[in-house]
$ cat run-v1.cif   # mmCIF, C-alpha atoms
data_structure
loop_
_atom_site.group_PDB
_atom_site.id
_atom_site.type_symbol
_atom_site.label_atom_id
_atom_site.label_comp_id
_atom_site.auth_asym_id
_atom_site.auth_seq_id
_atom_site.Cartn_x
_atom_site.Cartn_y
_atom_site.Cartn_z
ATOM 1 C CA MET A 27 171.278 197.979 170.131
ATOM 2 C CA LEU A 28 167.771 197.229 171.426
ATOM 3 C CA SER A 29 166.214 198.019 168.044
ATOM 4 C CA LYS A 30 168.631 195.636 166.317
ATOM 5 C CA LEU A 31 167.657 192.859 168.693
ATOM 6 C CA LEU A 32 163.964 193.518 168.148
ATOM 7 C CA ASN A 33 164.440 193.359 164.390
ATOM 8 C CA LEU A 34 166.321 190.077 164.744
ATOM 9 C CA PHE A 35 163.612 188.390 166.809
ATOM 10 C CA ALA A 36 160.872 189.806 164.619
ATOM 11 C CA GLY A 37 162.267 187.718 161.768
ATOM 12 C CA LYS A 38 162.911 190.751 159.595
ATOM 13 C CA ASP A 39 165.138 188.766 157.257
ATOM 14 C CA ALA A 40 163.150 185.506 157.365
ATOM 15 C CA ALA A 41 162.901 183.621 154.095
ATOM 16 C CA PRO A 42 159.551 183.865 152.310
ATOM 17 C CA ALA A 43 157.197 180.892 152.604
ATOM 18 C CA ALA A 44 157.479 178.244 149.903
ATOM 19 C CA ALA A 45 154.822 178.586 147.212
ATOM 20 C CA VAL A 46 153.554 177.084 144.003
ATOM 21 C CA PRO A 47 153.000 179.471 141.061
ATOM 22 C CA PRO A 48 149.735 181.450 140.877
ATOM 23 C CA GLY A 49 146.877 179.553 139.276
ATOM 24 C CA GLN A 50 148.347 176.142 140.106
ATOM 25 C CA ARG A 51 147.343 173.563 142.690
ATOM 26 C CA VAL A 52 149.347 170.447 143.539
ATOM 27 C CA TYR A 53 148.516 167.258 145.416
ATOM 28 C CA ALA A 54 151.307 164.858 146.422
ATOM 29 C CA VAL A 55 150.422 161.309 147.490
ATOM 30 C CA GLY A 56 152.647 159.276 149.808
ATOM 31 C CA ASP A 57 153.683 155.630 149.447
ATOM 32 C CA VAL A 58 150.623 153.500 148.630
ATOM 33 C CA HIS A 59 152.316 150.068 148.875
ATOM 34 C CA GLY A 60 149.494 147.971 147.508
ATOM 35 C CA ARG A 61 146.644 149.546 149.490
ATOM 36 C CA ALA A 62 144.184 149.885 146.625
ATOM 37 C CA ASP A 63 141.324 150.534 149.065
ATOM 38 C CA LEU A 64 143.009 153.568 150.635
ATOM 39 C CA PHE A 65 144.252 154.788 147.270
ATOM 40 C CA ALA A 66 140.823 154.703 145.635
ATOM 41 C CA ALA A 67 139.294 156.636 148.531
ATOM 42 C CA LEU A 68 142.134 159.178 148.523
ATOM 43 C CA ALA A 69 141.835 159.760 144.778
ATOM 44 C CA GLU A 70 138.119 160.433 145.216
ATOM 45 C CA ALA A 71 138.817 162.785 148.144
ATOM 46 C CA ILE A 72 141.444 164.689 146.152
ATOM 47 C CA GLU A 73 139.091 165.206 143.215
ATOM 48 C CA ALA A 74 136.321 166.389 145.554
ATOM 49 C CA ASP A 75 138.702 168.788 147.312
ATOM 50 C CA ASN A 76 140.006 170.098 143.995
ATOM 51 C CA ALA A 77 136.479 170.769 142.740
ATOM 52 C CA ALA A 78 135.485 172.507 145.977
ATOM 53 C CA ARG A 79 138.455 174.898 145.829
ATOM 54 C CA GLY A 80 137.470 176.255 142.432
ATOM 55 C CA PRO A 81 139.257 176.501 139.088
ATOM 56 C CA ALA A 82 143.019 175.924 138.987
ATOM 57 C CA ASP A 83 145.611 174.119 136.924
ATOM 58 C CA SER A 84 145.785 171.101 139.236
ATOM 59 C CA LEU A 85 148.388 168.355 139.232
ATOM 60 C CA VAL A 86 148.621 165.136 141.227
ATOM 61 C CA ILE A 87 152.080 163.697 141.936
ATOM 62 C CA LEU A 88 152.438 160.125 143.208
ATOM 63 C CA LEU A 89 155.686 159.887 145.177
ATOM 64 C CA GLY A 90 156.462 156.275 144.261
ATOM 65 C CA ASP A 91 156.321 152.867 145.966
ATOM 66 C CA LEU A 92 152.883 152.105 144.638
ATOM 67 C CA VAL A 93 153.762 148.396 144.860
ATOM 68 C CA ASP A 94 154.832 145.768 147.422
ATOM 69 C CA ARG A 95 153.871 144.795 150.960
ATOM 70 C CA GLY A 96 150.141 145.587 150.725
ATOM 71 C CA PRO A 97 147.604 143.131 149.272
ATOM 72 C CA ASP A 98 146.754 144.671 145.873
ATOM 73 C CA SER A 99 149.688 146.218 144.024
ATOM 74 C CA ALA A 100 148.201 145.162 140.694
ATOM 75 C CA GLY A 101 145.032 147.073 141.569
ATOM 76 C CA VAL A 102 146.982 150.169 142.579
ATOM 77 C CA LEU A 103 148.922 150.240 139.303
ATOM 78 C CA ARG A 104 145.695 149.808 137.350
ATOM 79 C CA GLN A 105 143.992 152.615 139.298
ATOM 80 C CA ALA A 106 146.973 154.926 138.770
ATOM 81 C CA ARG A 107 147.058 154.230 135.020
ATOM 82 C CA GLU A 108 143.328 154.896 134.716
ATOM 83 C CA TRP A 109 143.536 158.059 136.820
ATOM 84 C CA GLN A 110 146.332 159.369 134.601
ATOM 85 C CA GLN A 111 144.039 159.039 131.603
ATOM 86 C CA ARG A 112 141.510 161.389 133.229
ATOM 87 C CA ARG A 113 143.706 164.132 134.714
ATOM 88 C CA ALA A 114 147.200 165.637 134.959
ATOM 89 C CA LEU A 115 149.109 163.089 137.006
ATOM 90 C CA ARG A 116 152.853 162.466 137.263
ATOM 91 C CA VAL A 117 154.397 159.463 138.948
ATOM 92 C CA LEU A 118 157.817 159.134 140.582
ATOM 93 C CA MET A 119 159.738 155.874 140.639
ATOM 94 C CA GLY A 120 160.315 154.472 144.093
ATOM 95 C CA ASN A 121 162.906 151.932 145.136
ATOM 96 C CA HIS A 122 160.230 149.223 145.089
ATOM 97 C CA GLU A 123 159.338 149.888 141.447
ATOM 98 C CA GLU A 124 163.056 149.823 140.691
ATOM 99 C CA MET A 125 163.343 146.390 142.324
ATOM 100 C CA PHE A 126 160.193 145.123 140.625
ATOM 101 C CA LEU A 127 161.459 146.059 137.163
ATOM 102 C CA GLY A 128 164.925 144.658 137.827
ATOM 103 C CA SER A 129 163.455 141.355 139.027
ATOM 104 C CA PHE A 130 162.337 140.314 135.558
ATOM 105 C CA GLU A 131 165.947 139.821 134.452
ATOM 106 C CA ASN A 132 168.181 139.661 137.527
ATOM 107 C CA PRO A 133 167.733 136.778 140.018
ATOM 108 C CA GLU A 134 169.625 138.611 142.788
ATOM 109 C CA ILE A 135 167.341 141.633 142.492
ATOM 110 C CA LEU A 136 164.397 139.220 142.515
ATOM 111 C CA ARG A 137 165.622 137.765 145.832
ATOM 112 C CA GLN A 138 165.714 141.274 147.336
ATOM 113 C CA PHE A 139 162.322 142.139 145.830
ATOM 114 C CA LEU A 140 160.688 139.051 147.341
ATOM 115 C CA ARG A 141 162.190 139.798 150.782
ATOM 116 C CA HIS A 142 160.702 143.302 150.784
ATOM 117 C CA GLY A 143 157.085 142.705 149.840
ATOM 118 C CA GLY A 144 157.435 141.362 146.311
ATOM 119 C CA ARG A 145 155.635 138.133 147.177
ATOM 120 C CA GLU A 146 152.461 140.095 147.932
ATOM 121 C CA THR A 147 152.885 142.019 144.689
ATOM 122 C CA LEU A 148 153.208 138.887 142.556
ATOM 123 C CA LEU A 149 150.236 137.202 144.222
ATOM 124 C CA SER A 150 148.060 140.236 143.435
ATOM 125 C CA TYR A 151 148.368 139.107 139.797
ATOM 126 C CA PRO A 152 146.804 135.868 138.483
ATOM 127 C CA ILE A 153 149.536 133.597 139.883
ATOM 128 C CA ASP A 154 148.518 130.467 141.757
ATOM 129 C CA PRO A 155 149.936 130.615 145.321
ATOM 130 C CA ALA A 156 150.833 126.914 145.368
ATOM 131 C CA THR A 157 152.633 127.176 142.023
ATOM 132 C CA TYR A 158 154.479 130.266 143.261
ATOM 133 C CA ALA A 159 155.497 128.545 146.515
ATOM 134 C CA ALA A 160 157.075 125.630 144.632
ATOM 135 C CA ALA A 161 158.803 127.748 141.964
ATOM 136 C CA THR A 162 162.539 128.310 141.615
ATOM 137 C CA LEU A 163 163.781 131.854 140.971
ATOM 138 C CA GLY A 164 163.909 131.152 137.243
ATOM 139 C CA GLU A 165 160.393 129.753 137.304
ATOM 140 C CA THR A 166 159.219 132.759 139.305
ATOM 141 C CA GLN A 167 160.589 135.076 136.627
ATOM 142 C CA LYS A 168 158.635 133.107 134.028
ATOM 143 C CA LEU A 169 155.457 133.364 136.136
ATOM 144 C CA MET A 170 156.004 137.134 136.434
ATOM 145 C CA SER A 171 156.522 137.591 132.711
ATOM 146 C CA GLU A 172 153.302 135.739 131.974
ATOM 147 C CA ALA A 173 151.154 137.403 134.647
ATOM 148 C CA VAL A 174 152.228 141.062 134.765
ATOM 149 C CA PRO A 175 150.651 142.992 131.862
ATOM 150 C CA ALA A 176 152.820 145.013 129.504
ATOM 151 C CA GLU A 177 150.820 148.118 130.472
ATOM 152 C CA ASP A 178 152.028 147.876 134.077
ATOM 153 C CA ILE A 179 155.649 147.416 133.018
ATOM 154 C CA ALA A 180 155.509 150.365 130.618
ATOM 155 C CA PHE A 181 153.836 152.501 133.285
ATOM 156 C CA MET A 182 156.635 151.807 135.765
ATOM 157 C CA GLN A 183 159.355 152.310 133.179
ATOM 158 C CA ALA A 184 157.942 155.779 132.435
ATOM 159 C CA MET A 185 158.084 156.888 136.082
ATOM 160 C CA GLU A 186 160.167 160.002 136.791
ATOM 161 C CA GLY A 187 163.008 160.818 139.163
ATOM 162 C CA MET A 188 161.875 164.250 140.366
ATOM 163 C CA VAL A 189 159.287 166.943 139.690
ATOM 164 C CA ARG A 190 159.813 170.655 140.430
ATOM 165 C CA VAL A 191 156.850 173.009 140.886
ATOM 166 C CA GLY A 192 157.596 176.529 142.122
ATOM 167 C CA ASP A 193 159.536 176.362 145.379
ATOM 168 C CA TYR A 194 158.772 172.654 145.864
ATOM 169 C CA LEU A 195 160.731 169.608 144.734
ATOM 170 C CA PHE A 196 158.984 166.245 144.738
ATOM 171 C CA VAL A 197 161.096 163.077 145.011
ATOM 172 C CA HIS A 198 160.578 159.568 146.326
ATOM 173 C CA ALA A 199 163.239 159.305 149.034
ATOM 174 C CA GLY A 200 165.050 162.647 149.186
ATOM 175 C CA ILE A 201 168.143 164.390 147.870
ATOM 176 C CA ARG A 202 171.783 164.525 148.938
ATOM 177 C CA PRO A 203 172.334 167.816 150.774
ATOM 178 C CA GLY A 204 174.921 170.085 149.181
ATOM 179 C CA VAL A 205 174.630 168.515 145.727
ATOM 180 C CA PRO A 206 173.028 170.608 142.936
ATOM 181 C CA LEU A 207 169.728 169.188 141.705
ATOM 182 C CA GLU A 208 171.066 168.529 138.214
ATOM 183 C CA GLN A 209 173.828 166.385 139.763
ATOM 184 C CA GLN A 210 171.637 164.283 142.065
ATOM 185 C CA ARG A 211 172.037 160.534 141.563
ATOM 186 C CA GLY A 212 168.986 158.445 140.735
ATOM 187 C CA ALA A 213 169.948 155.981 143.465
ATOM 188 C CA ASP A 214 169.755 158.750 146.066
ATOM 189 C CA LEU A 215 166.408 160.003 144.770
ATOM 190 C CA ARG A 216 164.968 156.505 145.280
ATOM 191 C CA TRP A 217 166.899 155.166 148.289
ATOM 192 C CA ILE A 218 168.474 157.881 150.472
ATOM 193 C CA ARG A 219 167.683 158.316 154.134
ATOM 194 C CA GLU A 220 170.694 159.822 155.918
ATOM 195 C CA PRO A 221 171.972 162.474 155.752
ATOM 196 C CA PHE A 222 168.782 163.810 154.154
ATOM 197 C CA ILE A 223 166.118 162.932 156.739
ATOM 198 C CA THR A 224 167.890 164.696 159.604
ATOM 199 C CA SER A 225 169.248 167.585 157.545
ATOM 200 C CA ARG A 226 168.606 171.088 158.842
ATOM 201 C CA ASP A 227 170.361 172.651 155.844
ATOM 202 C CA ASP A 228 168.738 175.070 153.443
ATOM 203 C CA LEU A 229 168.153 172.688 150.535
ATOM 204 C CA GLY A 230 167.327 175.475 148.088
ATOM 205 C CA CYS A 231 163.691 174.330 147.916
ATOM 206 C CA THR A 232 161.136 172.520 150.035
ATOM 207 C CA VAL A 233 161.487 168.798 149.358
ATOM 208 C CA VAL A 234 158.312 166.695 149.506
ATOM 209 C CA TYR A 235 159.106 162.997 149.846
ATOM 210 C CA GLY A 236 157.965 159.540 150.894
ATOM 211 C CA HIS A 237 160.098 156.410 151.566
ATOM 212 C CA THR A 238 160.718 157.082 155.281
ATOM 213 C CA ILE A 239 157.722 156.238 157.466
ATOM 214 C CA TYR A 240 156.564 158.758 160.082
ATOM 215 C CA ASP A 241 153.805 158.444 162.666
ATOM 216 C CA ARG A 242 152.534 161.768 161.342
ATOM 217 C CA PRO A 243 153.751 163.911 158.428
ATOM 218 C CA GLU A 244 157.233 165.339 158.987
ATOM 219 C CA LEU A 245 157.054 169.124 158.643
ATOM 220 C CA ALA A 246 160.634 170.415 158.753
ATOM 221 C CA ALA A 247 161.929 173.735 157.425
ATOM 222 C CA SER A 248 163.066 172.386 154.059
ATOM 223 C CA ARG A 249 161.428 168.937 154.100
ATOM 224 C CA ILE A 250 157.912 167.517 154.183
ATOM 225 C CA GLY A 251 157.701 163.733 154.564
ATOM 226 C CA ILE A 252 154.286 162.185 153.948
ATOM 227 C CA ASP A 253 154.823 158.417 154.081
ATOM 228 C CA THR A 254 152.575 157.329 156.954
ATOM 229 C CA GLY A 255 153.062 153.584 156.387
ATOM 230 C CA ALA A 256 149.820 152.745 154.604
ATOM 231 C CA TYR A 257 150.498 149.007 154.306
ATOM 232 C CA ASP A 258 151.073 148.667 158.059
ATOM 233 C CA THR A 259 149.155 151.522 159.713
ATOM 234 C CA GLY A 260 146.161 151.676 157.387
ATOM 235 C CA ARG A 261 146.772 155.430 156.846
ATOM 236 C CA LEU A 262 147.543 156.991 153.465
ATOM 237 C CA THR A 263 148.395 160.700 153.316
ATOM 238 C CA ALA A 264 148.296 163.377 150.618
ATOM 239 C CA LEU A 265 149.631 166.937 150.784
ATOM 240 C CA GLY A 266 147.758 169.770 149.049
ATOM 241 C CA LEU A 267 149.529 172.957 147.966
ATOM 242 C CA GLU A 268 148.216 176.226 146.512
ATOM 243 C CA GLY A 269 150.050 179.531 146.758
ATOM 244 C CA THR A 270 151.609 179.380 150.222
ATOM 245 C CA SER A 271 148.740 177.309 151.651
ATOM 246 C CA ARG A 272 149.245 173.688 152.690
ATOM 247 C CA TRP A 273 146.768 171.045 153.789
ATOM 248 C CA LEU A 274 146.669 167.304 154.413
ATOM 249 C CA ILE A 275 144.114 164.740 153.268
ATOM 250 C CA GLU A 276 144.221 161.307 154.873
ATOM 251 C CA THR A 277 142.365 158.062 154.304
ATOM 252 C CA ARG A 278 142.428 155.483 157.070
ATOM 253 C CA VAL A 279 140.607 152.326 158.076
ATOM 254 C CA GLU A 280 138.425 152.366 161.181
ATOM 255 C CA ASP A 281 136.333 149.303 162.083
ATOM 256 C CA GLY A 282 136.638 148.023 158.533
ATOM 257 C CA THR A 283 135.507 151.291 156.937
ATOM 258 C CA VAL A 284 137.701 153.760 155.041
ATOM 259 C CA ILE A 285 137.438 157.221 156.629
ATOM 260 C CA VAL A 286 138.592 160.514 155.061
ATOM 261 C CA SER A 287 139.909 163.416 157.123
ATOM 262 C CA GLN A 288 141.494 166.751 156.253
ATOM 263 C CA ARG A 289 143.324 169.580 158.027
ATOM 264 C CA SER A 290 145.302 172.712 157.191
ATOM 265 C CA ILE A 291 148.933 173.010 158.223
ATOM 266 C CA ALA A 292 151.266 175.967 158.629
#

$ encode --input "run-v1.cif" --output "structure tokens"
Amino acid sequence: MLSKLLNLFAGKDAAPAAAVPPGQRVYAVGDVHGRADLFAALAEAIEADNAARGPADSLVILLGDLVDRGPDSAGVLRQAREWQQRRALRVLMGNHEEMFLGSFENPEILRQFLRHGGRETLLSYPIDPATYAAATLGETQKLMSEAVPAEDIAFMQAMEGMVRVGDYLFVHAGIRPGVPLEQQRGADLRWIREPFITSRDDLGCTVVYGHTIYDRPELAASRIGIDTGAYDTGRLTALGLEGTSRWLIETRVEDGTVIVSQRSIA
């Protein structure tokens, strides 16, 4: 009896640690929300970290919500497009990109978009603030169509719903527990909170997500949340993965200067 108890507490049957395949390295970036300053510094820090760790097939995954709320969504989209031309980079669609795209045609979606940071997004393009302030919804749609470049629209339209690498699944908001991955709804991938963010279920993989803001990265058994509220807190977080190793890279503003920090996690 005693030996059985010892085996139980020793974790004899514990599940193996999540891993990415040998020879691969992955970086996931949380919600940028228009913080082009933090994003530029984080991209530079990721490339420096990747070079320092030696050769690997490295991939960067942006978890969505590049736009809205922060001051320079146009700059973030431009930086992401340019970065994708230089390296392997995949981008997930967040709920804010979904709203942005829908706003060009649907006035009700435009109302929602503007209430949730869309004003800042539009004014990061060459739109005169006074003209915007006086515009009707229809006129705002016309201003958008004239100011937002086709490259940005095509870039957002090409964003993905999920990316799977080894034992990790990367999504914007989360998944619905108990539903097979191939049956997950796009709306849940971009919008879900409950029951996902408090789930203690075995999700069949380790889900890396943004969308829900945490004071510090959420490191649960089957979930890793890395949205640290860049637009409000001035902190943008990335997760690095290689084999079973995990580490965090963060850019933050201190006294007007962008600072980079890094630490390993279990």

$ residues_around --input "run-v1.cif" --residues "Leu265 of chain A" --least-positions-apart "5" --cutoff "7 Å" --atoms "only C-alpha atoms" --output "PDB file with C-alpha atoms, in the frame of the given file"
ATOM      1  CA  TYR A  53     148.516 167.258 145.416  1.00  0.00           C
ATOM      2  CA  ALA A  54     151.307 164.858 146.422  1.00  0.00           C
ATOM      3  CA  VAL A  55     150.422 161.309 147.490  1.00  0.00           C
ATOM      4  CA  TRP A 273     146.768 171.045 153.789  1.00  0.00           C
ATOM      5  CA  LEU A 274     146.669 167.304 154.413  1.00  0.00           C
ATOM      6  CA  ILE A 275     144.114 164.740 153.268  1.00  0.00           C
TER       7      ILE A 275
END

$ closest_residue --input "run-v1.cif" --among "A:Leu89, A:Ala114, A:Ala256, A:Leu149" --to "Gln50 of chain A" --atoms "all atoms listed in the file"
A:Ala114

$ atom_distance --input "run-v1.cif" --atom1 "atom CA of Glu131 of chain A" --atom2 "atom CA of Asp57 of chain A"
25.0 Å

$ residues_near_point --input "run-v1.cif" --point "(153.6, 158.4, 136.9)" --cutoff "9 Å" --atoms "all atoms listed in the file" --output "list of chain:residue names"
A:Ile87, A:Leu88, A:Leu89, A:Gly90, A:Ala106, A:Arg107, A:Gln110, A:Leu115, A:Arg116, A:Val117, A:Leu118, A:Met119, A:Phe181, A:Met182, A:Ala184, A:Met185, A:Glu186

$ residues_around --input "run-v1.cif" --residues "Phe222 of chain A" --least-positions-apart "4" --cutoff "12 Å" --atoms "all atoms listed in the file" --output "list in words"
Val197, Ala199, Gly200, Ile201, Arg202, Pro203, Gly204, Val205, Asp214, Leu215, Trp217, Ile218, Arg226, Asp227, Asp228, Leu229, Val233, Val234, Tyr235, His237, Thr238, Ala246, Ser248, Arg249, Ile250 and Gly251 of chain A

$ resolve_selection --input "run-v1.cif" --expression "the PyMOL selection byres ((chain A and resi 277-292) around 10)" --output "short mmCIF file (atom, residue, chain, number, x, y, z; two decimals) with C-alpha atoms, in the coordinates of the input"
data_model
loop_
_atom_site.label_atom_id
_atom_site.label_comp_id
_atom_site.auth_asym_id
_atom_site.auth_seq_id
_atom_site.Cartn_x
_atom_site.Cartn_y
_atom_site.Cartn_z
CA ALA A 43 157.20 180.89 152.60
CA ASP A 63 141.32 150.53 149.06
CA LEU A 64 143.01 153.57 150.64
CA PHE A 65 144.25 154.79 147.27
CA ALA A 66 140.82 154.70 145.64
CA ALA A 67 139.29 156.64 148.53
CA LEU A 68 142.13 159.18 148.52
CA ALA A 69 141.84 159.76 144.78
CA GLU A 70 138.12 160.43 145.22
CA ALA A 71 138.82 162.78 148.14
CA ASP A 75 138.70 168.79 147.31
CA LEU A 245 157.05 169.12 158.64
CA ALA A 256 149.82 152.74 154.60
CA THR A 259 149.16 151.52 159.71
CA GLY A 260 146.16 151.68 157.39
CA ARG A 261 146.77 155.43 156.85
CA LEU A 262 147.54 156.99 153.46
CA THR A 263 148.40 160.70 153.32
CA ALA A 264 148.30 163.38 150.62
CA LEU A 265 149.63 166.94 150.78
CA GLY A 266 147.76 169.77 149.05
CA THR A 270 151.61 179.38 150.22
CA SER A 271 148.74 177.31 151.65
CA ARG A 272 149.24 173.69 152.69
CA TRP A 273 146.77 171.04 153.79
CA LEU A 274 146.67 167.30 154.41
CA ILE A 275 144.11 164.74 153.27
CA GLU A 276 144.22 161.31 154.87
#

$ resolve_selection --input "run-v1.cif" --expression "the PyMOL selection byres ((chain A and resi 231) around 6)" --output "list in words"
Asp193, Tyr194, Leu229, Gly230 and Thr232 of chain A

$ axis_aligned_box --input "run-v1.cif" --around "segment 139-148 of chain A" --padding-each-side "4 Å" --output "lines of an AutoDock Vina configuration file"
center_x = 157.4
center_y = 140.7
center_z = 146.7
size_x = 17.9
size_y = 13.2
size_z = 16.2

$ atom_distance --input "run-v1.cif" --atom1 "atom CA of Gly49 of chain A" --atom2 "atom CA of Leu103 of chain A"
29.4 Å

$ residues_around --input "run-v1.cif" --residues "segment 166-179 of chain A" --least-positions-apart "6" --cutoff "8 Å" --atoms "only C-alpha atoms" --output "number ranges by chain"
A: 103-104, 127, 129-131, 148, 151-153, 158

$ write_last_selection --input "run-v1.cif" --atoms "C-alpha atoms" --output "compact mmCIF listing (two decimals), keeping the file's coordinate frame"
# COMPACT_ATOMS: atom_id res chain seq x y z
CA LEU A 103 148.92 150.24 139.30
CA ARG A 104 145.70 149.81 137.35
CA LEU A 127 161.46 146.06 137.16
CA SER A 129 163.46 141.35 139.03
CA PHE A 130 162.34 140.31 135.56
CA GLU A 131 165.95 139.82 134.45
CA LEU A 148 153.21 138.89 142.56
CA TYR A 151 148.37 139.11 139.80
CA PRO A 152 146.80 135.87 138.48
CA ILE A 153 149.54 133.60 139.88
CA TYR A 158 154.48 130.27 143.26

$ atom_distance --input "run-v1.cif" --atom1 "atom CA of Pro81 of chain A" --atom2 "atom CA of Met188 of chain A"
25.8 Å

$ closest_residue --input "run-v1.cif" --among "A:Gln183, A:Asn76, A:Ser99, A:Thr157" --to "Glu124 of chain A" --atoms "all atoms listed in the file"
A:Gln183

$ closest_residue --input "run-v1.cif" --among "A:Arg113, A:Glu220, A:Gly120, A:Glu165" --to "Gly56 of chain A" --atoms "only C-alpha atoms"
A:Gly120

$ residues_around --input "run-v1.cif" --residues "Val93 of chain A" --least-positions-apart "2" --cutoff "9 Å" --atoms "all atoms listed in the file" --output "PyMOL selection string"
chain A and resi 57-61+90-91+95-96+98-100+102-103+120+122-123+126+143-144+146-147

$ closest_residue --input "run-v1.cif" --among "A:Pro221, A:Gly164, A:Pro97, A:Gly192" --to "Pro48 of chain A" --atoms "all atoms listed in the file"
A:Gly192

$ closest_residue --input "run-v1.cif" --among "A:Arg51, A:Ile223, A:Pro155, A:Leu163" --to "Ala82 of chain A" --atoms "all atoms listed in the file"
A:Arg51

$ resolve_selection --input "run-v1.cif" --expression "the PyMOL selection byres ((chain A and resi 239) around 7)" --output "list in words"
His237, Thr238, Tyr240, Asp241, Asp253, Thr254 and Gly255 of chain A
